[in-house]
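Asker: Take a look at this one; I'll ask things after.
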Amino acid sequence: MNITFKENLRKPFQYVLGILSVIYLFFICIYSIDQFDLGFIPSMVGRLQQGQEMYKDFDYIRPFFTLIFWDFLLKWIPATSPYFILTCRFLFITQCFITGLIFQKLLFDKIRYEISFLYVICFVNVFPIMPWHTVDGLFFGALSLYFYKKKWLLSTLVFLAITALTKQSFFVFTGIMSLFVLKDILKKNSLVRNDIIVSCVSFLVLIFAVFQYHIIENFTSFWNLVFNPSIASSFYDSSIAPYLFKSKWHSALFIGCLVTIYLIKIKKEIIENILLIIFPAIIIYPLFNNGVFIGINTLFLLLMVLFFKYNSSEKNIFFLLLLGWASTISWGANNPTFLVFILLIKFLEDKTRFFGVLWMLSLSSFLLTRLKFPYFSESIFSTHYVFTKNIPAVSGLLIPEKEYEYIMEAKNLSLQYPDIVFLPGSPLLDVIHGKYPDRASWEMDVEYPQWKTDLSKLNTNVFAVDEEKFTLFKDGFYKSTFTVEVMKKKKIVKKTEHFTMYGD
């Protein structure tokens, strides 16, 4: 048996990997938690469930559709129910799996068993398992491209609009794709009946949601928060600069190499063999780099050039490249990790005999990376883990004992001080307690533009500051001026193991 496996062993091997993949996807749903990002979208859903209105009652600096989408999915599951976060994670994995299937429909002639699992594993890679606006944009963007491939042009336009309403960075994707769609509509003499039905229903649902969630009623607040120039980052810094090197000479050399690769005559098979070496190297590297990838943006640009060189007639590839680039326009992670492996697998489609090995390698590498470097948490290799039970929102999870103690201490403080505010950004605690006293569960300035309003309104509240976490929010882009002001103006009334209490 060689590395590509004999035909009579390939099917059993794939079935075993399929079972292991299902176990892996289930495991990452229950494994670990973080006090930073995990509760962000769920806390917004919790606010909506309590009758708060977007933009009017709480700060949300992105368009509204992600919150509408997740509020719909979780409509009959109270945010304080024991398995709320676990449910969010299962739904997230389901969303990622469906997104992977759509990518297959766009890039390959048919859906294949091994690619389905390989795609969902690579799409999720080491990203924390939680609802996220960028993933929603990719999901609806992929749906819009699927409708475009079917020539359902009206449905494409509706879902392009929905894509743009998940995150501002997708405005670029929606704008460019809309030009292609409108051009095709002008050329086409008739529309598909099913397209008309799907587009009309989808559009009516969108309009209903806009009114149901009071977006028109609160339009001024929506506009001021979503299109606030004071918190917007430079387009160049967030969309172009991440793909270049800090040194202008290095960037010029890199661009020159890309141009040379495009111009010189070289067999595609040679490039494929090189990428077959690069693929494993990139997915293994996080194990030796604190869970962080390297070279993702460079690989993305290289793939773009290679597709222009060898697959220039397959326009769906370039639409996905555009979608992947749009997803990285952000002030946070500017890496196209969601799509780079998807596109790499597409480029290697003539090397399908290696897909089983790549699947096995991706599964094992990402599992070990998650075990060793869980997102903003401690590794299961270095601390004792416990299963949570009988705790609102976070039951059924396998988490570090220290995180469990942190949550229980916060729960006791919440019972002792009913009006407590946890700082500097603990959205998961807000979900667990079912209390949302201020306008943002992430109290950093960029996510909390109206913090000054709360500073006077919450004057009589007690504030619990995690001073260890505060070191990350003391200054810089993610600073929490609200927390700084509380610590300046209030006096310390109590100290616990994890929190310092401030009040009058």
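Ordering of the structure tokens sets the chain letters (A, B, ...), residue numbers begin anew at 1 in every chain, and ligands are numbered from 1 in the order given.
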Skip Ile197 (chain A) itself and residues of its chain fewer than 5 positions away, then list as a count of residues only all residues within 12 Å of it, counting only C-alpha atoms.
Answerer: 10
Asker: Quick one: DSSP alpha helix (DSSP H) residues in region 274-371 of chain A, as a PDB file with N, CA and C atoms, in the first residue's frame?
Answerer:
```pdb
ATOM      1  N   ILE A 274       4.172  20.953  -5.934  1.00  0.00           N
ATOM      2  CA  ILE A 274       4.701  21.902  -4.934  1.00  0.00           C
ATOM      3  C   ILE A 274       3.629  22.219  -3.887  1.00  0.00           C
ATOM      4  N   LEU A 275       2.389  22.444  -4.345  1.00  0.00           N
ATOM      5  CA  LEU A 275       1.298  22.764  -3.420  1.00  0.00           C
ATOM      6  C   LEU A 275       0.935  21.575  -2.537  1.00  0.00           C
ATOM      7  N   LEU A 276       1.164  20.365  -3.029  1.00  0.00           N
ATOM      8  CA  LEU A 276       0.930  19.172  -2.203  1.00  0.00           C
ATOM      9  C   LEU A 276       1.895  19.113  -1.016  1.00  0.00           C
ATOM     10  N   ILE A 277       3.015  19.799  -1.153  1.00  0.00           N
ATOM     11  CA  ILE A 277       3.971  19.896  -0.041  1.00  0.00           C
ATOM     12  C   ILE A 277       3.601  21.081   0.865  1.00  0.00           C
ATOM     13  N   ILE A 278       3.183  22.180   0.231  1.00  0.00           N
ATOM     14  CA  ILE A 278       2.838  23.384   0.987  1.00  0.00           C
ATOM     15  C   ILE A 278       1.608  23.156   1.869  1.00  0.00           C
ATOM     16  N   PHE A 279       0.605  22.447   1.328  1.00  0.00           N
ATOM     17  CA  PHE A 279      -0.640  22.219   2.064  1.00  0.00           C
ATOM     18  C   PHE A 279      -0.374  21.620   3.457  1.00  0.00           C
ATOM     19  N   PRO A 280       0.294  20.475   3.545  1.00  0.00           N
ATOM     20  CA  PRO A 280       0.552  19.908   4.881  1.00  0.00           C
ATOM     21  C   PRO A 280       1.381  20.826   5.762  1.00  0.00           C
ATOM     22  N   ALA A 281       2.364  21.511   5.162  1.00  0.00           N
ATOM     23  CA  ALA A 281       3.232  22.387   5.953  1.00  0.00           C
ATOM     24  C   ALA A 281       2.426  23.495   6.628  1.00  0.00           C
ATOM     25  N   ILE A 282       1.472  24.072   5.891  1.00  0.00           N
ATOM     26  CA  ILE A 282       0.682  25.179   6.438  1.00  0.00           C
ATOM     27  C   ILE A 282      -0.263  24.713   7.539  1.00  0.00           C
ATOM     28  N   ILE A 283      -0.895  23.554   7.363  1.00  0.00           N
ATOM     29  CA  ILE A 283      -1.855  23.127   8.379  1.00  0.00           C
ATOM     30  C   ILE A 283      -1.173  22.543   9.615  1.00  0.00           C
ATOM     31  N   ILE A 284       0.069  22.106   9.481  1.00  0.00           N
ATOM     32  CA  ILE A 284       0.805  21.585  10.633  1.00  0.00           C
ATOM     33  C   ILE A 284       1.485  22.718  11.415  1.00  0.00           C
ATOM     34  N   ILE A 296      -0.837  32.562   5.023  1.00  0.00           N
ATOM     35  CA  ILE A 296      -2.162  32.368   4.440  1.00  0.00           C
ATOM     36  C   ILE A 296      -2.451  33.408   3.354  1.00  0.00           C
ATOM     37  N   ASN A 297      -2.144  34.659   3.626  1.00  0.00           N
ATOM     38  CA  ASN A 297      -2.419  35.725   2.651  1.00  0.00           C
ATOM     39  C   ASN A 297      -1.554  35.568   1.408  1.00  0.00           C
ATOM     40  N   THR A 298      -0.304  35.172   1.618  1.00  0.00           N
ATOM     41  CA  THR A 298       0.600  34.940   0.485  1.00  0.00           C
ATOM     42  C   THR A 298       0.085  33.798  -0.383  1.00  0.00           C
ATOM     43  N   LEU A 299      -0.358  32.717   0.252  1.00  0.00           N
ATOM     44  CA  LEU A 299      -0.904  31.579  -0.482  1.00  0.00           C
ATOM     45  C   LEU A 299      -2.170  31.982  -1.243  1.00  0.00           C
ATOM     46  N   PHE A 300      -2.980  32.818  -0.645  1.00  0.00           N
ATOM     47  CA  PHE A 300      -4.221  33.266  -1.282  1.00  0.00           C
ATOM     48  C   PHE A 300      -3.914  34.023  -2.580  1.00  0.00           C
ATOM     49  N   LEU A 301      -2.930  34.934  -2.519  1.00  0.00           N
ATOM     50  CA  LEU A 301      -2.545  35.677  -3.732  1.00  0.00           C
ATOM     51  C   LEU A 301      -1.923  34.751  -4.773  1.00  0.00           C
ATOM     52  N   LEU A 302      -1.127  33.804  -4.311  1.00  0.00           N
ATOM     53  CA  LEU A 302      -0.525  32.835  -5.233  1.00  0.00           C
ATOM     54  C   LEU A 302      -1.610  32.038  -5.951  1.00  0.00           C
ATOM     55  N   LEU A 303      -2.622  31.588  -5.206  1.00  0.00           N
ATOM     56  CA  LEU A 303      -3.722  30.838  -5.814  1.00  0.00           C
ATOM     57  C   LEU A 303      -4.477  31.695  -6.825  1.00  0.00           C
ATOM     58  N   MET A 304      -4.658  32.956  -6.513  1.00  0.00           N
ATOM     59  CA  MET A 304      -5.337  33.852  -7.448  1.00  0.00           C
ATOM     60  C   MET A 304      -4.594  33.901  -8.785  1.00  0.00           C
ATOM     61  N   VAL A 305      -3.272  34.055  -8.709  1.00  0.00           N
ATOM     62  CA  VAL A 305      -2.455  34.091  -9.932  1.00  0.00           C
ATOM     63  C   VAL A 305      -2.511  32.757 -10.667  1.00  0.00           C
ATOM     64  N   LEU A 306      -2.428  31.668  -9.924  1.00  0.00           N
ATOM     65  CA  LEU A 306      -2.451  30.337 -10.546  1.00  0.00           C
ATOM     66  C   LEU A 306      -3.790  30.054 -11.218  1.00  0.00           C
ATOM     67  N   PHE A 307      -4.885  30.494 -10.608  1.00  0.00           N
ATOM     68  CA  PHE A 307      -6.192  30.293 -11.240  1.00  0.00           C
ATOM     69  C   PHE A 307      -6.313  31.133 -12.514  1.00  0.00           C
ATOM     70  N   PHE A 308      -5.773  32.333 -12.496  1.00  0.00           N
ATOM     71  CA  PHE A 308      -5.759  33.153 -13.713  1.00  0.00           C
ATOM     72  C   PHE A 308      -4.947  32.469 -14.812  1.00  0.00           C
ATOM     73  N   LYS A 309      -3.895  31.781 -14.400  1.00  0.00           N
ATOM     74  CA  LYS A 309      -3.000  31.155 -15.365  1.00  0.00           C
ATOM     75  C   LYS A 309      -3.575  29.853 -15.940  1.00  0.00           C
ATOM     76  N   TYR A 310      -4.182  29.043 -15.064  1.00  0.00           N
ATOM     77  CA  TYR A 310      -4.589  27.703 -15.491  1.00  0.00           C
ATOM     78  C   TYR A 310      -6.104  27.481 -15.548  1.00  0.00           C
ATOM     79  N   LYS A 315     -15.296  31.101 -13.905  1.00  0.00           N
ATOM     80  CA  LYS A 315     -15.556  32.368 -13.210  1.00  0.00           C
ATOM     81  C   LYS A 315     -16.006  32.190 -11.762  1.00  0.00           C
ATOM     82  N   ASN A 316     -16.591  31.021 -11.420  1.00  0.00           N
ATOM     83  CA  ASN A 316     -17.000  30.812 -10.031  1.00  0.00           C
ATOM     84  C   ASN A 316     -15.812  30.866  -9.077  1.00  0.00           C
ATOM     85  N   ILE A 317     -14.662  30.437  -9.571  1.00  0.00           N
ATOM     86  CA  ILE A 317     -13.453  30.502  -8.749  1.00  0.00           C
ATOM     87  C   ILE A 317     -13.140  31.946  -8.390  1.00  0.00           C
ATOM     88  N   PHE A 318     -13.244  32.825  -9.356  1.00  0.00           N
ATOM     89  CA  PHE A 318     -12.887  34.226  -9.128  1.00  0.00           C
ATOM     90  C   PHE A 318     -13.939  34.941  -8.280  1.00  0.00           C
ATOM     91  N   PHE A 319     -15.188  34.518  -8.397  1.00  0.00           N
ATOM     92  CA  PHE A 319     -16.215  35.056  -7.516  1.00  0.00           C
ATOM     93  C   PHE A 319     -15.937  34.641  -6.068  1.00  0.00           C
ATOM     94  N   LEU A 320     -15.473  33.395  -5.885  1.00  0.00           N
ATOM     95  CA  LEU A 320     -15.127  32.950  -4.535  1.00  0.00           C
ATOM     96  C   LEU A 320     -13.872  33.648  -4.017  1.00  0.00           C
ATOM     97  N   LEU A 321     -12.933  33.915  -4.890  1.00  0.00           N
ATOM     98  CA  LEU A 321     -11.761  34.705  -4.493  1.00  0.00           C
ATOM     99  C   LEU A 321     -12.194  36.092  -4.017  1.00  0.00           C
ATOM    100  N   LEU A 322     -13.130  36.688  -4.735  1.00  0.00           N
ATOM    101  CA  LEU A 322     -13.663  38.001  -4.334  1.00  0.00           C
ATOM    102  C   LEU A 322     -14.362  37.908  -2.985  1.00  0.00           C
ATOM    103  N   LEU A 323     -15.174  36.859  -2.802  1.00  0.00           N
ATOM    104  CA  LEU A 323     -15.875  36.660  -1.530  1.00  0.00           C
ATOM    105  C   LEU A 323     -14.877  36.453  -0.394  1.00  0.00           C
ATOM    106  N   GLY A 324     -13.848  35.636  -0.653  1.00  0.00           N
ATOM    107  CA  GLY A 324     -12.834  35.389   0.370  1.00  0.00           C
ATOM    108  C   GLY A 324     -12.084  36.639   0.746  1.00  0.00           C
ATOM    109  N   TRP A 325     -11.739  37.458  -0.256  1.00  0.00           N
ATOM    110  CA  TRP A 325     -11.047  38.722   0.033  1.00  0.00           C
ATOM    111  C   TRP A 325     -11.937  39.654   0.831  1.00  0.00           C
ATOM    112  N   ALA A 326     -13.217  39.773   0.445  1.00  0.00           N
ATOM    113  CA  ALA A 326     -14.152  40.656   1.150  1.00  0.00           C
ATOM    114  C   ALA A 326     -14.295  40.254   2.613  1.00  0.00           C
ATOM    115  N   SER A 327     -14.240  38.952   2.880  1.00  0.00           N
ATOM    116  CA  SER A 327     -14.406  38.483   4.256  1.00  0.00           C
ATOM    117  C   SER A 327     -13.256  38.904   5.162  1.00  0.00           C
ATOM    118  N   THR A 337      -8.535  32.592   5.896  1.00  0.00           N
ATOM    119  CA  THR A 337      -8.378  31.185   6.273  1.00  0.00           C
ATOM    120  C   THR A 337      -9.615  30.353   5.947  1.00  0.00           C
ATOM    121  N   PHE A 338     -10.794  30.981   5.936  1.00  0.00           N
ATOM    122  CA  PHE A 338     -12.007  30.218   5.646  1.00  0.00           C
ATOM    123  C   PHE A 338     -11.991  29.639   4.228  1.00  0.00           C
ATOM    124  N   LEU A 339     -11.442  30.398   3.291  1.00  0.00           N
ATOM    125  CA  LEU A 339     -11.554  29.992   1.889  1.00  0.00           C
ATOM    126  C   LEU A 339     -10.256  29.515   1.254  1.00  0.00           C
ATOM    127  N   VAL A 340      -9.119  29.809   1.868  1.00  0.00           N
ATOM    128  CA  VAL A 340      -7.859  29.500   1.193  1.00  0.00           C
ATOM    129  C   VAL A 340      -7.690  27.993   0.990  1.00  0.00           C
ATOM    130  N   PHE A 341      -8.073  27.173   1.972  1.00  0.00           N
ATOM    131  CA  PHE A 341      -7.924  25.726   1.824  1.00  0.00           C
ATOM    132  C   PHE A 341      -8.967  25.174   0.850  1.00  0.00           C
ATOM    133  N   ILE A 342     -10.150  25.768   0.842  1.00  0.00           N
ATOM    134  CA  ILE A 342     -11.203  25.377  -0.101  1.00  0.00           C
ATOM    135  C   ILE A 342     -10.699  25.540  -1.531  1.00  0.00           C
ATOM    136  N   LEU A 343     -10.092  26.687  -1.798  1.00  0.00           N
ATOM    137  CA  LEU A 343      -9.591  26.978  -3.144  1.00  0.00           C
ATOM    138  C   LEU A 343      -8.352  26.144  -3.469  1.00  0.00           C
ATOM    139  N   LEU A 344      -7.543  25.885  -2.466  1.00  0.00           N
ATOM    140  CA  LEU A 344      -6.350  25.053  -2.683  1.00  0.00           C
ATOM    141  C   LEU A 344      -6.760  23.637  -3.096  1.00  0.00           C
ATOM    142  N   ILE A 345      -7.776  23.109  -2.436  1.00  0.00           N
ATOM    143  CA  ILE A 345      -8.271  21.770  -2.786  1.00  0.00           C
ATOM    144  C   ILE A 345      -8.824  21.764  -4.209  1.00  0.00           C
ATOM    145  N   LYS A 346      -9.481  22.837  -4.595  1.00  0.00           N
ATOM    146  CA  LYS A 346      -9.986  22.941  -5.967  1.00  0.00           C
ATOM    147  C   LYS A 346      -8.837  22.912  -6.968  1.00  0.00           C
ATOM    148  N   PHE A 347      -7.767  23.638  -6.684  1.00  0.00           N
ATOM    149  CA  PHE A 347      -6.632  23.662  -7.613  1.00  0.00           C
ATOM    150  C   PHE A 347      -5.998  22.277  -7.731  1.00  0.00           C
ATOM    151  N   PHE A 355      -6.423  13.075  -1.652  1.00  0.00           N
ATOM    152  CA  PHE A 355      -7.379  13.762  -0.793  1.00  0.00           C
ATOM    153  C   PHE A 355      -7.602  13.026   0.526  1.00  0.00           C
ATOM    154  N   GLY A 356      -7.545  11.705   0.495  1.00  0.00           N
ATOM    155  CA  GLY A 356      -7.703  10.939   1.735  1.00  0.00           C
ATOM    156  C   GLY A 356      -6.608  11.261   2.733  1.00  0.00           C
ATOM    157  N   VAL A 357      -5.389  11.371   2.224  1.00  0.00           N
ATOM    158  CA  VAL A 357      -4.253  11.703   3.093  1.00  0.00           C
ATOM    159  C   VAL A 357      -4.381  13.122   3.616  1.00  0.00           C
ATOM    160  N   LEU A 358      -4.778  14.056   2.749  1.00  0.00           N
ATOM    161  CA  LEU A 358      -4.962  15.444   3.172  1.00  0.00           C
ATOM    162  C   LEU A 358      -6.083  15.550   4.201  1.00  0.00           C
ATOM    163  N   TRP A 359      -7.123  14.770   4.016  1.00  0.00           N
ATOM    164  CA  TRP A 359      -8.238  14.727   4.964  1.00  0.00           C
ATOM    165  C   TRP A 359      -7.742  14.243   6.324  1.00  0.00           C
ATOM    166  N   MET A 360      -7.017  13.137   6.344  1.00  0.00           N
ATOM    167  CA  MET A 360      -6.491  12.584   7.590  1.00  0.00           C
ATOM    168  C   MET A 360      -5.546  13.569   8.270  1.00  0.00           C
ATOM    169  N   LEU A 361      -4.697  14.207   7.471  1.00  0.00           N
ATOM    170  CA  LEU A 361      -3.719  15.148   8.013  1.00  0.00           C
ATOM    171  C   LEU A 361      -4.404  16.393   8.564  1.00  0.00           C
ATOM    172  N   SER A 362      -5.406  16.913   7.839  1.00  0.00           N
ATOM    173  CA  SER A 362      -6.132  18.097   8.301  1.00  0.00           C
ATOM    174  C   SER A 362      -6.862  17.795   9.600  1.00  0.00           C
ATOM    175  N   LEU A 363      -7.521  16.645   9.646  1.00  0.00           N
ATOM    176  CA  LEU A 363      -8.280  16.254  10.827  1.00  0.00           C
ATOM    177  C   LEU A 363      -7.373  16.154  12.053  1.00  0.00           C
ATOM    178  N   SER A 364      -6.259  15.464  11.909  1.00  0.00           N
ATOM    179  CA  SER A 364      -5.359  15.265  13.048  1.00  0.00           C
ATOM    180  C   SER A 364      -4.656  16.558  13.452  1.00  0.00           C
ATOM    181  N   SER A 365      -4.240  17.361  12.467  1.00  0.00           N
ATOM    182  CA  SER A 365      -3.515  18.605  12.776  1.00  0.00           C
ATOM    183  C   SER A 365      -4.413  19.619  13.479  1.00  0.00           C
ATOM    184  N   PHE A 366      -5.620  19.797  12.950  1.00  0.00           N
ATOM    185  CA  PHE A 366      -6.525  20.772  13.557  1.00  0.00           C
ATOM    186  C   PHE A 366      -6.999  20.307  14.934  1.00  0.00           C
ATOM    187  N   LEU A 367      -7.180  19.004  15.117  1.00  0.00           N
ATOM    188  CA  LEU A 367      -7.558  18.493  16.430  1.00  0.00           C
ATOM    189  C   LEU A 367      -6.452  18.772  17.446  1.00  0.00           C
ATOM    190  N   LEU A 368      -5.223  18.450  17.087  1.00  0.00           N
ATOM    191  CA  LEU A 368      -4.106  18.665  18.011  1.00  0.00           C
ATOM    192  C   LEU A 368      -3.905  20.150  18.300  1.00  0.00           C
ATOM    193  N   THR A 369      -4.088  20.990  17.275  1.00  0.00           N
ATOM    194  CA  THR A 369      -3.942  22.437  17.484  1.00  0.00           C
ATOM    195  C   THR A 369      -4.998  22.940  18.460  1.00  0.00           C
ATOM    196  N   ARG A 370      -6.237  22.466  18.293  1.00  0.00           N
ATOM    197  CA  ARG A 370      -7.303  22.896  19.202  1.00  0.00           C
ATOM    198  C   ARG A 370      -7.049  22.392  20.628  1.00  0.00           C
ATOM    199  N   LEU A 371      -6.579  21.175  20.745  1.00  0.00           N
ATOM    200  CA  LEU A 371      -6.305  20.630  22.073  1.00  0.00           C
ATOM    201  C   LEU A 371      -5.174  21.388  22.762  1.00  0.00           C
TER     202      LEU A 371
END
```
Asker: Taking only C-alpha atoms into account, name the residue in A:Asp350, A:Glu314, A:Asp195, A:Glu53 that is nearest to Glu269 (chain A).
Answerer: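 For Glu269 (chain A), the nearest of the given residues is A:Asp350.
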Asker: Here is a test: counting only C-alpha atoms, which residue of A:Pro418, A:Pro374, A:Pro242, A:Pro63 is nearest to Asn461 (chain A)?
Answerer: A:Pro418
Asker: Quick one: everything within 12 Å of Tyr113 (chain A), counting only C-alpha atoms, minus sequence neighbours fewer than 3 positions away in the same chain. Send it as a ChimeraX atom specification.
Answerer: /A:11,14-15,17-19,21,97,100-101,104,110,116-120,355-356,359
Asker: Take the residues from that selection and write them out as a PDB file, in the first residue's frame, keeping N, CA and C atoms.
Answerer:
```pdb
ATOM      1  N   LYS A  11     -12.277   2.931   0.102  1.00  0.00           N
ATOM      2  CA  LYS A  11     -13.627   3.126   0.648  1.00  0.00           C
ATOM      3  C   LYS A  11     -13.667   2.896   2.161  1.00  0.00           C
ATOM      4  N   GLN A  14     -12.066   5.794   3.868  1.00  0.00           N
ATOM      5  CA  GLN A  14     -12.904   6.991   3.866  1.00  0.00           C
ATOM      6  C   GLN A  14     -14.020   6.891   4.895  1.00  0.00           C
ATOM      7  N   TYR A  15     -14.609   5.708   5.042  1.00  0.00           N
ATOM      8  CA  TYR A  15     -15.682   5.528   6.016  1.00  0.00           C
ATOM      9  C   TYR A  15     -15.163   5.721   7.440  1.00  0.00           C
ATOM     10  N   LEU A  17     -12.541   7.525   8.283  1.00  0.00           N
ATOM     11  CA  LEU A  17     -12.280   8.959   8.432  1.00  0.00           C
ATOM     12  C   LEU A  17     -13.576   9.739   8.604  1.00  0.00           C
ATOM     13  N   GLY A  18     -14.633   9.304   7.922  1.00  0.00           N
ATOM     14  CA  GLY A  18     -15.931   9.960   8.060  1.00  0.00           C
ATOM     15  C   GLY A  18     -16.449   9.866   9.486  1.00  0.00           C
ATOM     16  N   ILE A  19     -16.343   8.677  10.082  1.00  0.00           N
ATOM     17  CA  ILE A  19     -16.771   8.491  11.475  1.00  0.00           C
ATOM     18  C   ILE A  19     -15.919   9.338  12.415  1.00  0.00           C
ATOM     19  N   SER A  21     -14.374  12.051  11.677  1.00  0.00           N
ATOM     20  CA  SER A  21     -14.692  13.457  11.427  1.00  0.00           C
ATOM     21  C   SER A  21     -15.947  13.879  12.179  1.00  0.00           C
ATOM     22  N   PHE A  97     -21.080  23.148   7.485  1.00  0.00           N
ATOM     23  CA  PHE A  97     -21.183  21.971   6.620  1.00  0.00           C
ATOM     24  C   PHE A  97     -21.983  22.299   5.361  1.00  0.00           C
ATOM     25  N   GLY A 100     -19.926  24.354   3.032  1.00  0.00           N
ATOM     26  CA  GLY A 100     -18.986  23.505   2.302  1.00  0.00           C
ATOM     27  C   GLY A 100     -19.653  22.784   1.144  1.00  0.00           C
ATOM     28  N   LEU A 101     -20.877  22.326   1.341  1.00  0.00           N
ATOM     29  CA  LEU A 101     -21.615  21.661   0.258  1.00  0.00           C
ATOM     30  C   LEU A 101     -21.883  22.639  -0.888  1.00  0.00           C
ATOM     31  N   GLN A 104     -18.822  23.084  -2.908  1.00  0.00           N
ATOM     32  CA  GLN A 104     -18.645  21.949  -3.822  1.00  0.00           C
ATOM     33  C   GLN A 104     -19.489  22.106  -5.082  1.00  0.00           C
ATOM     34  N   LYS A 110     -20.034  17.448  -8.940  1.00  0.00           N
ATOM     35  CA  LYS A 110     -20.951  16.768  -8.033  1.00  0.00           C
ATOM     36  C   LYS A 110     -20.395  16.807  -6.617  1.00  0.00           C
ATOM     37  N   SER A 116     -16.690  16.588   1.049  1.00  0.00           N
ATOM     38  CA  SER A 116     -17.633  17.207   1.984  1.00  0.00           C
ATOM     39  C   SER A 116     -17.021  17.344   3.373  1.00  0.00           C
ATOM     40  N   PHE A 117     -16.421  16.267   3.877  1.00  0.00           N
ATOM     41  CA  PHE A 117     -15.800  16.327   5.192  1.00  0.00           C
ATOM     42  C   PHE A 117     -14.516  17.154   5.173  1.00  0.00           C
ATOM     43  N   LEU A 118     -13.734  16.992   4.120  1.00  0.00           N
ATOM     44  CA  LEU A 118     -12.500  17.763   4.011  1.00  0.00           C
ATOM     45  C   LEU A 118     -12.802  19.263   3.985  1.00  0.00           C
ATOM     46  N   TYR A 119     -13.868  19.633   3.281  1.00  0.00           N
ATOM     47  CA  TYR A 119     -14.226  21.049   3.182  1.00  0.00           C
ATOM     48  C   TYR A 119     -14.686  21.615   4.524  1.00  0.00           C
ATOM     49  N   VAL A 120     -15.540  20.910   5.246  1.00  0.00           N
ATOM     50  CA  VAL A 120     -16.023  21.473   6.511  1.00  0.00           C
ATOM     51  C   VAL A 120     -14.893  21.553   7.527  1.00  0.00           C
ATOM     52  N   PHE A 355      -6.423  13.075  -1.652  1.00  0.00           N
ATOM     53  CA  PHE A 355      -7.379  13.762  -0.793  1.00  0.00           C
ATOM     54  C   PHE A 355      -7.602  13.026   0.526  1.00  0.00           C
ATOM     55  N   GLY A 356      -7.545  11.705   0.495  1.00  0.00           N
ATOM     56  CA  GLY A 356      -7.703  10.939   1.735  1.00  0.00           C
ATOM     57  C   GLY A 356      -6.608  11.261   2.733  1.00  0.00           C
ATOM     58  N   TRP A 359      -7.123  14.770   4.016  1.00  0.00           N
ATOM     59  CA  TRP A 359      -8.238  14.727   4.964  1.00  0.00           C
ATOM     60  C   TRP A 359      -7.742  14.243   6.324  1.00  0.00           C
TER      61      TRP A 359
END
```
Asker: Can you list, as a count of residues only, every protein, DNA or RNA residue that comes within 9 Å of Leu429 (chain A) when you count only C-alpha atoms, leaving out same-chain residues fewer than 3 positions away?
Answerer: 13
Asker: Rank nothing, just name the residue among A:Ile399, A:Lys248, A:Asn290, A:Glu114 nearest to Val16 (chain A), using only C-alpha atoms.
Answerer: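 The answer is A:Glu114, which sits nearest to Val16 (chain A).
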Asker: Rank A:Val205, A:Trp331, A:Ser395, A:Thr453 by their smallest atom-to-atom distance to Ser169 (chain A), using only C-alpha atoms, and report the top residue only.
Answerer: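 Smallest distance to Ser169 (chain A) is found for A:Trp331.
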Asker: Determine, counting only C-alpha atoms, which protein, DNA and RNA residues have an atom within 10 Å of an atom of region 488-497 of chain A; residues of the same chain fewer than 5 positions away are not included. Present the result as an MDAnalysis selection string.
Answerer: chainID A and resid 405:406 409:410 413 459 462:466 482:483 502:504
Asker: I'd like to know which of A:His384, A:Ile23, A:Val45, A:Lys268 is closest to Asp430 (chain A), using only C-alpha atoms.
Answerer: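 Among the listed residues, A:Val45 lies closest to Asp430 (chain A).
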Asker: With a distance cut-off of 12 Å and only C-alpha atoms, select the neighbouring residues of His214 (chain A), excluding the residue or stretch itself and same-chain residues fewer than 2 positions from it, and output the selection as a list in words.
Answerer: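 So, after excluding close chain neighbours, the residues are Leu48, Gly51, Gln52, Glu53, Met54, Tyr55, Lys56, Asp57, Phe64, Ile68, Ile207, Phe208, Ala209, Val210, Phe211, Gln212, Ile216, Glu217, Asn218, Phe219, Thr220, Ser221 and Phe222 of chain A.
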Asker: As an exercise, work out the distance from CA of Val124 (chain A) to CA of Phe354 (chain A) in Å and give it to one decimal place.
Answerer: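 Taking CA of Val124 (chain A) and CA of Phe354 (chain A), their separation equals 20.6 Å.
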Asker: Write out as a PyMOL selection string which residues come within 10 Å of Ser480 (chain A) when counting only C-alpha atoms, dropping same-chain ones fewer than 6 positions away.
Answerer: chain A and resi 423-425+442-448+451+470+472-474
Asker: Please tabulate, as a Markdown table, the residues of region 82-148 of chain A that come within 10 Å of region 70-73 of chain A, each with its closest pair of atoms and the distance in Å to one decimal, counting only C-alpha atoms and ordering rows by chain, then residue number upward.
Answerer:
```
| residue | atom | partner | partner_atom | distance |
| --- | --- | --- | --- | --- |
| A:Thr87 | CA | A:Leu73 | CA | 9.8 |
| A:Cys88 | CA | A:Trp70 | CA | 8.6 |
| A:Leu91 | CA | A:Leu73 | CA | 8.2 |
| A:Phe92 | CA | A:Trp70 | CA | 9.8 |
| A:Pro131 | CA | A:Trp70 | CA | 7.8 |
| A:Trp132 | CA | A:Trp70 | CA | 9.6 |
| A:His133 | CA | A:Trp70 | CA | 9.9 |
| A:Asp136 | CA | A:Trp70 | CA | 9.5 |
```
Asker: If I take CA of Ser144 (chain A) and CA of Tyr236 (chain A), how far is one from the other in Å, to one decimal?
Answerer: 26.4 Å
Asker: Restricting the calculation to only C-alpha atoms, which member of A:Val198, A:Phe147, A:Asn289, A:Phe69 is positioned closest to Phe373 (chain A)?
Answerer: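 Distance minimum relative to Phe373 (chain A) lands on A:Asn289.
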